[in-house]
>>> print(open('work.cif').read())   # mmCIF, C-alpha atoms and all ligand atoms; chains and numbers go by the auth columns
data_query
loop_
_atom_site.group_PDB
_atom_site.id
_atom_site.type_symbol
_atom_site.label_atom_id
_atom_site.label_comp_id
_atom_site.label_asym_id
_atom_site.label_seq_id
_atom_site.Cartn_x
_atom_site.Cartn_y
_atom_site.Cartn_z
_atom_site.B_iso_or_equiv
_atom_site.auth_seq_id
_atom_site.auth_asym_id
ATOM 1 C CA MET A 1 3.973 -32.663 -5.670 0.00 1 Y
ATOM 2 C CA ARG A 2 4.915 -29.811 -3.358 0.00 2 Y
ATOM 3 C CA LEU A 3 7.057 -28.257 -6.096 0.00 3 Y
ATOM 4 C CA LEU A 4 4.312 -28.459 -8.677 0.00 4 Y
ATOM 5 C CA GLN A 5 1.978 -26.705 -6.295 0.00 5 Y
ATOM 6 C CA LEU A 6 4.615 -24.062 -5.751 0.00 6 Y
ATOM 7 C CA GLU A 7 5.119 -23.485 -9.459 0.00 7 Y
ATOM 8 C CA ARG A 8 1.416 -23.225 -9.971 0.00 8 Y
ATOM 9 C CA ASN A 9 1.149 -20.656 -7.235 0.00 9 Y
ATOM 10 C CA LEU A 10 3.967 -18.625 -8.692 0.00 10 Y
ATOM 11 C CA SER A 11 2.390 -18.675 -12.149 0.00 11 Y
ATOM 12 C CA LEU A 12 -0.894 -17.571 -10.651 0.00 12 Y
ATOM 13 C CA LEU A 13 0.983 -14.796 -8.932 0.00 13 Y
ATOM 14 C CA PHE A 14 2.443 -13.529 -12.193 0.00 14 Y
ATOM 15 C CA ILE A 15 -0.911 -13.641 -13.900 0.00 15 Y
ATOM 16 C CA PHE A 16 -2.416 -11.768 -10.985 0.00 16 Y
ATOM 17 C CA LEU A 17 0.252 -9.062 -11.086 0.00 17 Y
ATOM 18 C CA LEU A 18 -0.025 -8.761 -14.853 0.00 18 Y
ATOM 19 C CA THR A 19 -3.762 -8.239 -14.559 0.00 19 Y
ATOM 20 C CA VAL A 20 -3.309 -5.661 -11.846 0.00 20 Y
ATOM 21 C CA PHE A 21 -0.751 -3.635 -13.787 0.00 21 Y
ATOM 22 C CA THR A 22 -2.532 -3.894 -17.112 0.00 22 Y
ATOM 23 C CA SER A 23 -5.826 -2.784 -15.661 0.00 23 Y
ATOM 24 C CA ALA A 24 -4.167 0.092 -13.819 0.00 24 Y
ATOM 25 C CA ASP A 25 -2.667 1.320 -17.102 0.00 25 Y
ATOM 26 C CA GLU A 26 -5.945 1.016 -18.966 0.00 26 Y
ATOM 27 C CA HIS A 27 -7.655 2.866 -16.197 0.00 27 Y
ATOM 28 C CA GLN A 28 -5.271 5.802 -16.502 0.00 28 Y
ATOM 29 C CA ILE A 29 -5.666 5.987 -20.246 0.00 29 Y
ATOM 30 C CA ASP A 30 -9.467 5.818 -20.061 0.00 30 Y
ATOM 31 C CA LYS A 31 -9.573 8.602 -17.554 0.00 31 Y
ATOM 32 C CA ARG A 32 -7.278 10.842 -19.593 0.00 32 Y
ATOM 33 C CA GLN A 33 -9.198 10.245 -22.783 0.00 33 Y
ATOM 34 C CA ALA A 34 -12.461 10.900 -21.019 0.00 34 Y
ATOM 35 C CA GLY A 35 -11.159 14.431 -20.386 0.00 35 Y
ATOM 36 C CA THR A 36 -13.072 14.921 -17.185 0.00 36 Y
ATOM 37 C CA THR A 37 -13.292 18.593 -16.344 0.00 37 Y
ATOM 38 C CA THR A 38 -15.142 18.844 -13.049 0.00 38 Y
ATOM 39 C CA GLU A 39 -14.055 17.598 -9.672 0.00 39 Y
ATOM 40 C CA SER A 40 -14.828 18.752 -6.179 0.00 40 Y
ATOM 41 C CA THR A 41 -11.793 18.607 -3.969 0.00 41 Y
ATOM 42 C CA THR A 42 -11.012 19.761 -0.498 0.00 42 Y
ATOM 43 C CA GLY A 43 -7.233 20.089 -0.735 0.00 43 Y
ATOM 44 C CA GLU A 44 -5.777 22.740 1.492 0.00 44 Y
ATOM 45 C CA ILE A 45 -3.004 23.568 -0.936 0.00 45 Y
ATOM 46 C CA THR A 46 -3.788 25.599 -4.042 0.00 46 Y
ATOM 47 C CA HIS A 47 -5.267 23.402 -6.702 0.00 47 Y
ATOM 48 C CA PRO A 48 -3.447 23.802 -10.024 0.00 48 Y
ATOM 49 C CA PRO A 49 -5.859 24.182 -12.942 0.00 49 Y
ATOM 50 C CA GLY A 50 -6.593 20.814 -14.549 0.00 50 Y
ATOM 51 C CA ALA A 51 -5.443 18.722 -11.577 0.00 51 Y
ATOM 52 C CA ILE A 52 -8.187 16.268 -10.735 0.00 52 Y
ATOM 53 C CA CYS A 53 -8.743 13.131 -8.692 0.00 53 Y
ATOM 54 C CA ASP A 54 -10.846 10.008 -9.218 0.00 54 Y
ATOM 55 C CA ASP A 55 -14.049 9.702 -7.201 0.00 55 Y
ATOM 56 C CA GLY A 56 -13.396 8.880 -3.561 0.00 56 Y
ATOM 57 C CA TYR A 57 -9.932 10.458 -3.630 0.00 57 Y
ATOM 58 C CA THR A 58 -9.098 13.796 -2.039 0.00 58 Y
ATOM 59 C CA TYR A 59 -6.639 16.217 -3.618 0.00 59 Y
ATOM 60 C CA TRP A 60 -3.625 17.473 -1.660 0.00 60 Y
ATOM 61 C CA ASN A 61 -0.486 19.028 -3.115 0.00 61 Y
ATOM 62 C CA TYR A 62 -0.433 17.385 -6.590 0.00 62 Y
ATOM 63 C CA TYR A 63 -1.543 13.978 -5.272 0.00 63 Y
ATOM 64 C CA CYS A 64 -4.837 12.220 -4.618 0.00 64 Y
ATOM 65 C CA TYR A 65 -5.441 10.237 -1.420 0.00 65 Y
ATOM 66 C CA LYS A 66 -8.020 7.730 -0.265 0.00 66 Y
ATOM 67 C CA GLY A 67 -8.553 5.889 2.993 0.00 67 Y
ATOM 68 C CA ASN A 68 -10.024 2.425 2.404 0.00 68 Y
ATOM 69 C CA SER A 69 -11.725 0.901 5.466 0.00 69 Y
ATOM 70 C CA SER A 70 -11.650 -2.691 4.188 0.00 70 Y
ATOM 71 C CA GLU A 71 -9.451 -4.731 6.485 0.00 71 Y
ATOM 72 C CA VAL A 72 -6.917 -6.512 4.305 0.00 72 Y
ATOM 73 C CA LEU A 73 -3.270 -7.571 4.570 0.00 73 Y
ATOM 74 C CA PRO A 74 -0.834 -4.687 4.015 0.00 74 Y
ATOM 75 C CA ILE A 75 0.378 -6.330 0.781 0.00 75 Y
ATOM 76 C CA GLU A 76 -3.207 -6.744 -0.413 0.00 76 Y
ATOM 77 C CA GLY A 77 -3.785 -3.062 0.297 0.00 77 Y
ATOM 78 C CA GLU A 78 -0.777 -2.275 -1.874 0.00 78 Y
ATOM 79 C CA ALA A 79 -2.202 -4.493 -4.650 0.00 79 Y
ATOM 80 C CA GLN A 80 -5.523 -2.629 -4.405 0.00 80 Y
ATOM 81 C CA CYS A 81 -3.789 0.779 -4.560 0.00 81 Y
ATOM 82 C CA GLN A 82 -1.808 -0.414 -7.603 0.00 82 Y
ATOM 83 C CA ALA A 83 -5.021 -1.576 -9.267 0.00 83 Y
ATOM 84 C CA GLU A 84 -6.268 1.987 -8.798 0.00 84 Y
ATOM 85 C CA GLY A 85 -3.111 3.406 -10.376 0.00 85 Y
ATOM 86 C CA GLY A 86 -1.132 4.289 -7.250 0.00 86 Y
ATOM 87 C CA HIS A 87 0.540 2.855 -4.196 0.00 87 Y
ATOM 88 C CA GLU A 88 -0.028 2.797 -0.484 0.00 88 Y
ATOM 89 C CA VAL A 89 0.710 6.293 0.782 0.00 89 Y
ATOM 90 C CA SER A 90 4.223 7.706 1.154 0.00 90 Y
ATOM 91 C CA ILE A 91 4.531 10.586 3.616 0.00 91 Y
ATOM 92 C CA HIS A 92 7.120 13.350 3.288 0.00 92 Y
ATOM 93 C CA SER A 93 6.214 16.104 5.725 0.00 93 Y
ATOM 94 C CA GLN A 94 4.391 16.847 8.941 0.00 94 Y
ATOM 95 C CA GLU A 95 1.702 18.563 6.820 0.00 95 Y
ATOM 96 C CA GLU A 96 1.204 15.455 4.694 0.00 96 Y
ATOM 97 C CA ASN A 97 1.123 13.243 7.810 0.00 97 Y
ATOM 98 C CA ASP A 98 -1.537 15.545 9.318 0.00 98 Y
ATOM 99 C CA PHE A 99 -3.502 15.413 6.072 0.00 99 Y
ATOM 100 C CA VAL A 100 -3.434 11.581 6.047 0.00 100 Y
ATOM 101 C CA LEU A 101 -4.887 11.710 9.576 0.00 101 Y
ATOM 102 C CA THR A 102 -8.022 13.406 8.196 0.00 102 Y
ATOM 103 C CA LEU A 103 -8.777 10.745 5.561 0.00 103 Y
ATOM 104 C CA PHE A 104 -11.145 8.495 7.509 0.00 104 Y
ATOM 105 C CA GLY A 105 -13.275 11.378 8.765 0.00 105 Y
ATOM 106 C CA SER A 106 -14.530 11.578 12.324 0.00 106 Y
ATOM 107 C CA ASN A 107 -14.565 7.821 12.945 0.00 107 Y
ATOM 108 C CA PRO A 108 -11.108 6.569 11.944 0.00 108 Y
ATOM 109 C CA PRO A 109 -9.745 3.053 12.550 0.00 109 Y
ATOM 110 C CA PRO A 110 -7.000 2.640 15.205 0.00 110 Y
ATOM 111 C CA LEU A 111 -4.403 1.940 12.491 0.00 111 Y
ATOM 112 C CA ALA A 112 -4.164 2.121 8.697 0.00 112 Y
ATOM 113 C CA THR A 113 -1.378 0.692 6.551 0.00 113 Y
ATOM 114 C CA ILE A 114 0.962 3.150 4.866 0.00 114 Y
ATOM 115 C CA GLY A 115 3.321 2.344 1.998 0.00 115 Y
ATOM 116 C CA PHE A 116 6.544 1.848 3.913 0.00 116 Y
ATOM 117 C CA LEU A 117 8.504 -1.354 3.818 0.00 117 Y
ATOM 118 C CA ASN A 118 11.236 -2.034 6.372 0.00 118 Y
ATOM 119 C CA ASN A 119 13.562 -4.472 4.749 0.00 119 Y
ATOM 120 C CA GLY A 120 16.927 -3.445 6.065 0.00 120 Y
ATOM 121 C CA GLU A 121 19.147 -1.470 3.728 0.00 121 Y
ATOM 122 C CA ASN A 122 16.460 -1.453 1.026 0.00 122 Y
ATOM 123 C CA SER A 123 13.902 0.121 3.354 0.00 123 Y
ATOM 124 C CA GLY A 124 11.661 2.501 1.519 0.00 124 Y
ATOM 125 C CA TRP A 125 8.285 3.569 0.180 0.00 125 Y
ATOM 126 C CA TRP A 126 6.364 1.369 -2.254 0.00 126 Y
ATOM 127 C CA ASP A 127 6.127 4.342 -4.621 0.00 127 Y
ATOM 128 C CA GLU A 128 9.928 4.696 -4.674 0.00 128 Y
ATOM 129 C CA SER A 129 9.852 8.274 -3.432 0.00 129 Y
ATOM 130 C CA PRO A 130 12.849 9.345 -1.296 0.00 130 Y
ATOM 131 C CA TRP A 131 13.034 7.964 2.230 0.00 131 Y
ATOM 132 C CA GLY A 132 14.480 9.920 5.142 0.00 132 Y
ATOM 133 C CA ASP A 133 13.065 13.406 4.436 0.00 133 Y
ATOM 134 C CA TYR A 134 10.373 12.840 7.062 0.00 134 Y
ATOM 135 C CA ASN A 135 10.169 10.201 9.779 0.00 135 Y
ATOM 136 C CA SER A 136 7.289 9.745 12.212 0.00 136 Y
ATOM 137 C CA THR A 137 8.299 6.328 13.487 0.00 137 Y
ATOM 138 C CA GLY A 138 6.900 5.534 16.938 0.00 138 Y
ATOM 139 C CA LEU A 139 7.521 1.793 17.022 0.00 139 Y
ATOM 140 C CA ASN A 140 9.831 0.005 14.597 0.00 140 Y
ATOM 141 C CA ASP A 141 10.075 -3.656 15.520 0.00 141 Y
ATOM 142 C CA THR A 142 10.781 -5.660 12.382 0.00 142 Y
ATOM 143 C CA ALA A 143 12.091 -8.659 14.333 0.00 143 Y
ATOM 144 C CA ASN A 144 8.991 -9.291 16.438 0.00 144 Y
ATOM 145 C CA ILE A 145 6.168 -7.676 14.503 0.00 145 Y
ATOM 146 C CA GLY A 146 6.905 -7.365 10.785 0.00 146 Y
ATOM 147 C CA TYR A 147 8.157 -5.366 7.835 0.00 147 Y
ATOM 148 C CA CYS A 148 5.143 -3.211 6.989 0.00 148 Y
ATOM 149 C CA MET A 149 4.055 0.018 8.704 0.00 149 Y
ATOM 150 C CA ALA A 150 0.788 1.638 9.721 0.00 150 Y
ATOM 151 C CA ILE A 151 -0.131 5.127 10.901 0.00 151 Y
ATOM 152 C CA ALA A 152 -1.909 5.460 14.259 0.00 152 Y
ATOM 153 C CA TYR A 153 -5.269 7.261 14.473 0.00 153 Y
ATOM 154 C CA ASP A 154 -5.467 6.782 18.237 0.00 154 Y
ATOM 155 C CA SER A 155 -2.919 6.676 21.039 0.00 155 Y
ATOM 156 C CA GLN A 156 -3.261 3.045 22.119 0.00 156 Y
ATOM 157 C CA THR A 157 0.261 1.944 21.203 0.00 157 Y
ATOM 158 C CA VAL A 158 2.002 5.110 19.985 0.00 158 Y
ATOM 159 C CA GLU A 159 1.058 8.785 19.649 0.00 159 Y
ATOM 160 C CA ILE A 160 -1.587 9.759 17.086 0.00 160 Y
ATOM 161 C CA GLY A 161 0.184 10.237 13.747 0.00 161 Y
ATOM 162 C CA GLN A 162 3.145 8.038 14.605 0.00 162 Y
ATOM 163 C CA TRP A 163 4.044 5.013 12.509 0.00 163 Y
ATOM 164 C CA VAL A 164 4.107 1.521 13.940 0.00 164 Y
ATOM 165 C CA SER A 165 5.339 -1.849 12.636 0.00 165 Y
ATOM 166 C CA VAL A 166 2.709 -4.306 11.413 0.00 166 Y
ATOM 167 C CA ALA A 167 2.978 -7.747 9.791 0.00 167 Y
ATOM 168 C CA CYS A 168 2.784 -7.618 5.971 0.00 168 Y
ATOM 169 C CA THR A 169 1.153 -11.021 5.627 0.00 169 Y
ATOM 170 C CA GLU A 170 -0.673 -11.409 8.933 0.00 170 Y
ATOM 171 C CA ASP A 171 -2.332 -8.177 10.057 0.00 171 Y
ATOM 172 C CA TYR A 172 -5.662 -7.188 8.526 0.00 172 Y
ATOM 173 C CA LEU A 173 -5.946 -3.414 8.391 0.00 173 Y
ATOM 174 C CA PRO A 174 -7.571 -0.505 6.556 0.00 174 Y
ATOM 175 C CA PHE A 175 -5.119 1.267 4.275 0.00 175 Y
ATOM 176 C CA VAL A 176 -4.385 4.563 2.546 0.00 176 Y
ATOM 177 C CA CYS A 177 -3.737 4.915 -1.199 0.00 177 Y
ATOM 178 C CA LYS A 178 -1.956 7.803 -2.899 0.00 178 Y
ATOM 179 C CA LYS A 179 -1.530 8.609 -6.559 0.00 179 Y
ATOM 180 C CA LEU A 180 -0.565 11.500 -8.729 0.00 180 Y
ATOM 181 C CA ALA A 181 -3.447 13.840 -9.584 0.00 181 Y
ATOM 182 C CA TYR A 182 -4.336 13.904 -13.277 0.00 182 Y
ATOM 183 C CA GLY A 183 -2.990 16.943 -15.056 0.00 183 Y
ATOM 184 C CA THR A 184 -0.120 17.711 -12.673 0.00 184 Y
ATOM 185 C CA PRO A 185 3.407 18.413 -13.908 0.00 185 Y
ATOM 186 C CA THR A 186 5.169 16.054 -11.460 0.00 186 Y
ATOM 187 C CA ALA A 187 6.766 12.984 -13.035 0.00 187 Y
ATOM 188 C CA ALA A 188 4.893 9.728 -12.491 0.00 188 Y
ATOM 189 C CA THR A 189 6.198 7.347 -9.859 0.00 189 Y
ATOM 190 C CA THR A 190 8.277 4.383 -10.975 0.00 190 Y
ATOM 191 C CA THR A 191 7.664 0.708 -10.436 0.00 191 Y
ATOM 192 C CA VAL A 192 11.032 -0.591 -9.218 0.00 192 Y
ATOM 193 C CA SER A 193 9.517 -1.613 -5.902 0.00 193 Y
ATOM 194 C CA GLN A 194 7.579 -4.326 -7.754 0.00 194 Y
ATOM 195 C CA VAL A 195 10.554 -6.570 -7.107 0.00 195 Y
ATOM 196 C CA ILE A 196 10.077 -6.303 -3.375 0.00 196 Y
ATOM 197 C CA PHE A 197 6.329 -6.508 -3.775 0.00 197 Y
ATOM 198 C CA LEU A 198 6.710 -9.732 -5.756 0.00 198 Y
ATOM 199 C CA TYR A 199 8.920 -11.134 -3.062 0.00 199 Y
ATOM 200 C CA PHE A 200 6.386 -10.490 -0.313 0.00 200 Y
ATOM 201 C CA ARG A 201 3.517 -11.596 -2.442 0.00 201 Y
ATOM 202 C CA SER A 202 5.189 -14.922 -3.216 0.00 202 Y
ATOM 203 C CA MET A 203 6.074 -15.351 0.458 0.00 203 Y
ATOM 204 C CA HIS A 204 2.412 -14.979 1.283 0.00 204 Y
ATOM 205 C CA LYS A 205 1.372 -17.426 -1.457 0.00 205 Y
ATOM 206 C CA LEU A 206 3.948 -19.890 -0.213 0.00 206 Y
ATOM 207 C CA ARG A 207 2.618 -19.658 3.276 0.00 207 Y
ATOM 208 C CA THR A 208 -0.911 -20.187 2.021 0.00 208 Y
ATOM 209 C CA ALA A 209 0.252 -23.184 -0.025 0.00 209 Y
ATOM 210 C CA GLU A 210 2.011 -24.678 2.992 0.00 210 Y
ATOM 211 C CA HIS A 211 -1.044 -24.127 5.106 0.00 211 Y
ATOM 212 C CA ARG A 212 -3.201 -25.841 2.478 0.00 212 Y
ATOM 213 C CA SER A 213 -0.956 -28.890 2.193 0.00 213 Y
ATOM 214 C CA GLU A 214 -0.819 -29.170 5.984 0.00 214 Y
ATOM 215 C CA GLN A 215 -4.558 -28.979 5.987 0.00 215 Y
ATOM 216 C CA SER A 216 -4.886 -31.746 3.398 0.00 216 Y
ATOM 217 C CA ARG A 217 -2.398 -33.896 5.289 0.00 217 Y
ATOM 218 C CA MET A 218 -4.538 -33.501 8.373 0.00 218 Y
ATOM 219 C CA ASP A 219 -7.640 -34.323 6.366 0.00 219 Y
ATOM 220 C CA GLU A 220 -5.981 -37.550 5.253 0.00 220 Y
ATOM 221 C CA LEU A 221 -5.411 -38.665 8.840 0.00 221 Y
HETATM 222 C C1 LIG B . -11.230 -1.069 -0.746 0.00 1 M
HETATM 223 O O1 LIG B . -10.428 -2.206 -0.881 0.00 1 M
HETATM 224 C C2 LIG B . -11.152 -3.382 -1.100 0.00 1 M
HETATM 225 C C3 LIG B . -10.199 -4.553 -0.923 0.00 1 M
HETATM 226 O O2 LIG B . -9.168 -4.545 -1.846 0.00 1 M
HETATM 227 C C4 LIG B . -11.825 -3.281 -2.446 0.00 1 M
HETATM 228 O O3 LIG B . -12.541 -4.461 -2.722 0.00 1 M
HETATM 229 C C5 LIG B . -12.786 -2.102 -2.436 0.00 1 M
HETATM 230 O O4 LIG B . -13.328 -1.904 -3.716 0.00 1 M
HETATM 231 C C6 LIG B . -12.047 -0.835 -2.002 0.00 1 M
HETATM 232 N N1 LIG B . -13.045 0.202 -1.728 0.00 1 M
HETATM 233 C C7 LIG B . -12.956 1.413 -2.223 0.00 1 M
HETATM 234 C C8 LIG B . -14.050 2.357 -1.834 0.00 1 M
HETATM 235 O O5 LIG B . -12.041 1.760 -2.928 0.00 1 M
HETATM 236 C C1 LIG B . 13.293 0.467 11.008 0.00 2 M
HETATM 237 O O1 LIG B . 14.477 -0.205 11.355 0.00 2 M
HETATM 238 C C2 LIG B . 15.180 -0.715 10.244 0.00 2 M
HETATM 239 C C3 LIG B . 16.322 -1.575 10.764 0.00 2 M
HETATM 240 O O2 LIG B . 17.083 -0.858 11.677 0.00 2 M
HETATM 241 C C4 LIG B . 15.653 0.449 9.386 0.00 2 M
HETATM 242 O O3 LIG B . 16.347 -0.040 8.260 0.00 2 M
HETATM 243 C C5 LIG B . 14.438 1.233 8.928 0.00 2 M
HETATM 244 O O4 LIG B . 14.831 2.375 8.200 0.00 2 M
HETATM 245 C C6 LIG B . 13.597 1.663 10.107 0.00 2 M
HETATM 246 N N1 LIG B . 12.364 2.207 9.613 0.00 2 M
HETATM 247 C C7 LIG B . 11.797 3.305 10.062 0.00 2 M
HETATM 248 C C8 LIG B . 10.505 3.669 9.430 0.00 2 M
HETATM 249 O O5 LIG B . 12.254 3.982 10.926 0.00 2 M
HETATM 250 C C1 LIG B . 13.269 7.106 12.153 0.00 3 M
HETATM 251 O O1 LIG B . 12.966 7.353 13.525 0.00 3 M
HETATM 252 C C2 LIG B . 13.188 6.240 14.391 0.00 3 M
HETATM 253 C C3 LIG B . 12.666 6.607 15.761 0.00 3 M
HETATM 254 O O2 LIG B . 13.109 7.849 16.140 0.00 3 M
HETATM 255 C C4 LIG B . 14.651 5.864 14.365 0.00 3 M
HETATM 256 O O3 LIG B . 14.854 4.730 15.193 0.00 3 M
HETATM 257 C C5 LIG B . 15.049 5.529 12.954 0.00 3 M
HETATM 258 O O4 LIG B . 16.420 5.265 12.886 0.00 3 M
HETATM 259 C C6 LIG B . 14.737 6.693 12.015 0.00 3 M
HETATM 260 N N1 LIG B . 15.020 6.275 10.671 0.00 3 M
HETATM 261 C C7 LIG B . 15.678 7.049 9.802 0.00 3 M
HETATM 262 C C8 LIG B . 15.996 6.426 8.473 0.00 3 M
HETATM 263 O O5 LIG B . 15.982 8.198 10.037 0.00 3 M
#
>>> encode(input="work.cif", output="structure tokens", more="lines below")
Ligand SMILES: *[C@@H]1O[C@H](CO)[C@@H](O)[C@H](O)[C@H]1NC(C)=O
Ligand SMILES: *[C@@H]1O[C@H](CO)[C@@H](O)[C@H](O)[C@H]1NC(C)=O
Ligand SMILES: *[C@@H]1O[C@H](CO)[C@@H](O)[C@H](O)[C@H]1NC(C)=O
Amino acid sequence: MRLLQLERNLSLLFIFLLTVFTSADEHQIDKRQAGTTTESTTGEITHPPGAICDDGYTYWNYYCYKGNSSEVLPIEGEAQCQAEGGHEVSIHSQEENDFVLTLFGSNPPPLATIGFLNNGENSGWWDESPWGDYNSTGLNDTANIGYCMAIAYDSQTVEIGQWVSVACTEDYLPFVCKKLAYGTPTAATTTVSQVIFLYFRSMHKLRTAEHRSEQSRMDEL
């Protein structure tokens, strides 16, 4: 019974991921074919001609960024960013870190999930960009807190702009998405990190399934 439930959850997971990736692809194609020509952006770095962002995203240095205030699990934030054709944000310089700090305007949340996953030797960014070129870690406690990371918008636990460990499947937080601007020469990001994503996603589903069967056992009593 337990196994059947598990299989069902895993199948649902695959269907979910398939939908997410398919719709992200379609979205990209639609946008390209639409040939949008106007976009107001506030990027501080020179805007190459033709580089544009979807509504709600802000251009910065060949990429588009968006802070989403919905409080969701870090892995759900990553799923949402993927559905929009990107990933949770990777950060590669002090300038980019500072830029990410501007994304929620004048009333930012205390923390927002970024796209870093601490899983030992495979630690890295969801978008598979290089890790180690820039590091703003303030608190890295995988053992007691969790494997995901957030950036601090206030100085409650760490300094503003520092990164802090959060729990991938327990903490509900706003998040930041990043994706390549349309019409930029940079190569698109790869999807190898899906393997890790799948792993976390199934862990979460498993936990939910366990919780549900515990719940029904309690209901039976
Ligand atoms: C923010 O994320 C939530 C949760 O995934 C989603 O439902 C919502 O559409 C997103 N909002 C924006 C403005 O992108
Ligand atoms: C956090 O610690 C782990 C384990 O030591 C390490 O692999 C990872 O690179 C660290 N992450 C950051 C963001 O410093
Ligand atoms: C990042 O910085 C933290 C804190 O200074 C350090 O513990 C960690 O080893 C660094 N990670 C890497 C990969 O440089």
>>> axis_aligned_box(input="work.cif", around="ligand LIG 2 (chain M)", padding_each_side="4 Å", output="AutoDock Vina command-line options")
--center_x 13.8 --center_y 1.2 --center_z 9.9 --size_x 14.6 --size_y 13.6 --size_z 11.5
>>> resolve_selection(input="work.cif", expression="the PyMOL selection byres (((chain Y and resi 160-163) around 10) and not hetatm)", output="number ranges by chain")
Y: 94, 97-101, 110-114, 116, 135-140, 148-159, 164-166
>>> residues_near_ligand(input="work.cif", ligand="ligand LIG 1 (chain M)", cutoff="7 Å", atoms="only C-alpha atoms and all ligand atoms", output="short mmCIF file (atom, residue, chain, number, x, y, z; two decimals) with C-alpha atoms, in the coordinates of the input")
data_model
loop_
_atom_site.label_atom_id
_atom_site.label_comp_id
_atom_site.auth_asym_id
_atom_site.auth_seq_id
_atom_site.Cartn_x
_atom_site.Cartn_y
_atom_site.Cartn_z
CA GLY Y 56 -13.40 8.88 -3.56
CA ASN Y 68 -10.02 2.42 2.40
CA SER Y 69 -11.72 0.90 5.47
CA SER Y 70 -11.65 -2.69 4.19
CA VAL Y 72 -6.92 -6.51 4.30
CA GLU Y 76 -3.21 -6.74 -0.41
CA GLY Y 77 -3.78 -3.06 0.30
CA GLN Y 80 -5.52 -2.63 -4.40
#
>>> residues_near_ligand(input="work.cif", ligand="ligand LIG 2 (chain M)", cutoff="7 Å", atoms="all atoms listed in the file", output="PyMOL selection string")
chain Y and resi 118-121+123+135+137+140-142
>>> closest_residue(input="work.cif", among="Y:Trp131, Y:Tyr147, Y:Tyr65, Y:Trp125", to="ligand LIG 3 (chain M)", atoms="all atoms listed in the file")
Y:Trp131
>>> closest_residue(input="work.cif", among="Y:Asp133, Y:Glu96, Y:Glu71, Y:Asp54", to="ligand LIG 3 (chain M)", atoms="only C-alpha atoms and all ligand atoms")
Y:Asp133
>>> closest_residue(input="work.cif", among="Y:Ser106, Y:Asn122, Y:Thr58, Y:Gln82", to="ligand LIG 3 (chain M)", atoms="only C-alpha atoms and all ligand atoms")
Y:Asn122
>>> atom_distance(input="work.cif", atom1="CA of Val89 (chain Y)", atom2="atom C4 of ligand LIG 3 (chain M)")
19.5 Å
>>> closest_residue(input="work.cif", among="Y:Ala83, Y:Leu73, Y:Leu103, Y:Leu173", to="Trp60 (chain Y)", atoms="all atoms listed in the file")
Y:Leu103
>>> atom_distance(input="work.cif", atom1="CA of Glu128 (chain Y)", atom2="CA of Ile91 (chain Y)")
11.5 Å
>>> atom_distance(input="work.cif", atom1="CA of Gly146 (chain Y)", atom2="CA of Pro174 (chain Y)")
16.6 Å
